[in-house]
Amino acid sequence: MRAARTPYQTIARLQPGLSPEAAQARLDALVASLRKQYPADYPAQGAWTIRLIPLAETLVGNARQSLILLFGAVDLVLLISCVNVANLLLARASARGREMAVRQAMGAARTRLMRQLLTESLLLFVLGGIAGFAVLFSFRKLLLRFIPESLPHLNDISISWGVLAFAIVVSVAAGTIFGLAPAWLTSRLDLTTTLRQEGRGSNGSPKRSRLRHALVIGELALSLMLMVAVGLLLRSFWDLFKVQLGFNPTRVMAIESSLPNPNNPATDIYRTATQESVFLREALRRIRTLPGVEEAAVSDRQAIPLGHGQNDRRLVPLVREGQEGQNSQPPLLDTSIVSPDYFHVLGMTLVRGRLFVDQDLESTPLVAVINQAAARTYWPGKDGMGEDPVGKRVRMLGRLGRARPDPTTIVGVIADARTESLADASIPQMYLDIYQRPAKFLAFYLRGQVDPATISEQVRTQIQAVDPELPVFHPETLNDVLSSSLSVRRFSMEMVALFAATALLLAALGIYGTISFLVHEQSREIAIRLALGAQRRNILTMVLRQGLALAAAGAGVGLVGAFIVSHLMAGLLFGVSPYDLSTFAGVTAVLTAVAIAASYVPALRAMRLDPITTLHSE
């Protein structure tokens, strides 16, 4: 387990048999006891607490929901494939009905026939599983290129004997489950009826016909569920991609560096903000002279827009001046330390007051800039417009909830920007002046027409010309950071879209095979209708009506399942309701159109039957 980062992190292992919930309850009781025994050291307004976070959750992060969605999509495609194969086996078993009846009439036991049919289906599934594993092994390097680097444990993805064993086990289980019904129905034939009707264009066993229809309906329902998920993800990704960021990442590059530990006597030249500002101003002056660089700024690493995870945020409680003694827990603000040019380099909009200036130094009163969300949180007002926070003073609370002695004055309010999360622009944020509060983990920003391949080395040269001991690393454009923040969502959308397209293709093949088989079984009936004067367009309509009935039933069942799936994936959506009517209607229309198209080819074949030839062959 790991403690939440407000402000320390600790890794601990729970006692055997102790659940995380029970451990959290014990810690909550400990915090309450400390607050009661030492109210001066642990005031309630300090928001001091201990929160346990499973280490697995920290490592997997926001990718958990996406991985669960992908796993569900894989399961649905596997299920659709198995249903499709089961349908084909059932059709094949119907075609072999006379053979099975003759074998039974000659003394073959039903269990023997079941074992034979089950063995055939098992062989088919196992060979299919091995073939799929071989394709995966051959294209593994190509497939890994499509996986985003931000996906957790990317380096642990491999193909081993365990994967092969899993594929074989799944294949055997699928072959057994989905081969059992066709084998059982085929072995339960009525010998007299089968021998009399087989070869005369009968419709076959009613049980087999109902089962075939049920399987096709299941295929269509599962396909619709996947397609709805893809439709919602597509709309969500598009809305997220087109959202107003509140900052301009175009032509901006970030390069990181870090200052040494000030507690080390050998590197104590960066102990105070004044000492640190000497280096920062000189480094920025040199960077601005580089070819193509128009503007430059510096901040701590926390201020890189979308450049850190949820667990890397610096959350600080604030209290308004005059409210230090109240026993209420103040909201937490995201805090970043930036230079005065940071806002202009990133294109952030000033709403009220002013931004930082060069005269804001360590020796002058502390100042801060907040965003509109922070202003609404601390100064909501009564008229809904909010109280003007410019000029108001706040105190930052220490790690035990004690207010620091020096107050901070709010000098400006900027527009909300999606710097912490693309999905949320209303996260309260506060910016502090880097020339008043030192920062050790730095990010230098460059705006201009620069070559990302060469500029990092030029920046390294300029920074190390000021201090040769400082590292310079991790150059990246803000557009790349933005793309990386979307990578997991994009990967999920692309993979689920691929699975949905596969499912739709399988469903189309399933309904095509079913209608084709029905046309084959009804060929005698169709020939008689044509011989008696039926119009060929009526035959076309009759066959299409059968396909449309299957599509309607599958859509009805699928919509119920789609509502459940969309509810479960609500956390992955942005800007679109899980029950978006247009998405559900559009997907249903597409599935219906595909089902009609798949039925049209066998319907044309039925319409073009030659009654004389067909009846003569019967």
# chains A, B, ... in the order shown; residues from 1 in each chain; ligands from 1

$ residues_around --residues "A:Asp358" --least-positions-apart "3" --cutoff "12 Å" --atoms "only C-alpha atoms" --output "PyMOL selection string"
chain A and resi 277+281+339-341+355+361-362+364+433-436

$ write_last_selection --atoms "C-alpha atoms" --output "mmCIF file, in the first residue's frame"
data_model
loop_
_atom_site.group_PDB
_atom_site.id
_atom_site.type_symbol
_atom_site.label_atom_id
_atom_site.label_comp_id
_atom_site.auth_asym_id
_atom_site.auth_seq_id
_atom_site.Cartn_x
_atom_site.Cartn_y
_atom_site.Cartn_z
ATOM 1 C CA SER A 277 17.028 33.198 -9.466
ATOM 2 C CA ARG A 281 17.663 34.481 -15.186
ATOM 3 C CA SER A 339 8.332 32.385 -13.906
ATOM 4 C CA PRO A 340 6.556 35.588 -14.997
ATOM 5 C CA ASP A 341 6.837 34.671 -18.701
ATOM 6 C CA LEU A 355 0.531 38.476 -13.671
ATOM 7 C CA LEU A 361 11.301 38.964 -5.488
ATOM 8 C CA GLU A 362 12.002 36.896 -2.385
ATOM 9 C CA THR A 364 8.958 41.464 -1.495
ATOM 10 C CA ASP A 433 6.409 33.033 -8.484
ATOM 11 C CA ILE A 434 9.587 30.995 -8.946
ATOM 12 C CA TYR A 435 11.672 34.040 -7.953
ATOM 13 C CA GLN A 436 9.961 34.036 -4.567
#

$ residues_around --residues "A:Val216" --least-positions-apart "4" --cutoff "7 Å" --atoms "only C-alpha atoms" --output "PyMOL selection string"
chain A and resi 212+220+510-511

$ closest_residue --among "A:Ile526, A:Val316, A:Leu245, A:Val357" --to "A:Ser426" --atoms "only C-alpha atoms"
A:Leu245

$ select_by_dssp --residues "stretch 474-586 of chain A" --states "strand (DSSP E or B)" --output "list in words"
His474, Pro475, Glu476 and Thr477 of chain A

$ residues_around --residues "stretch 20-31 of chain A" --least-positions-apart "2" --cutoff "7 Å" --atoms "only C-alpha atoms" --output "list in words"
Leu18, Ser33, Leu34, Arg35, Thr49, Ile50, Arg51 and Leu52 of chain A

$ residues_around --residues "stretch 65-72 of chain A" --least-positions-apart "2" --cutoff "12 Å" --atoms "only C-alpha atoms" --output "PyMOL selection string"
chain A and resi 57+60-63+74-79+147+151-152+222+225-226+229-230+233+486-500+565-566+568-573
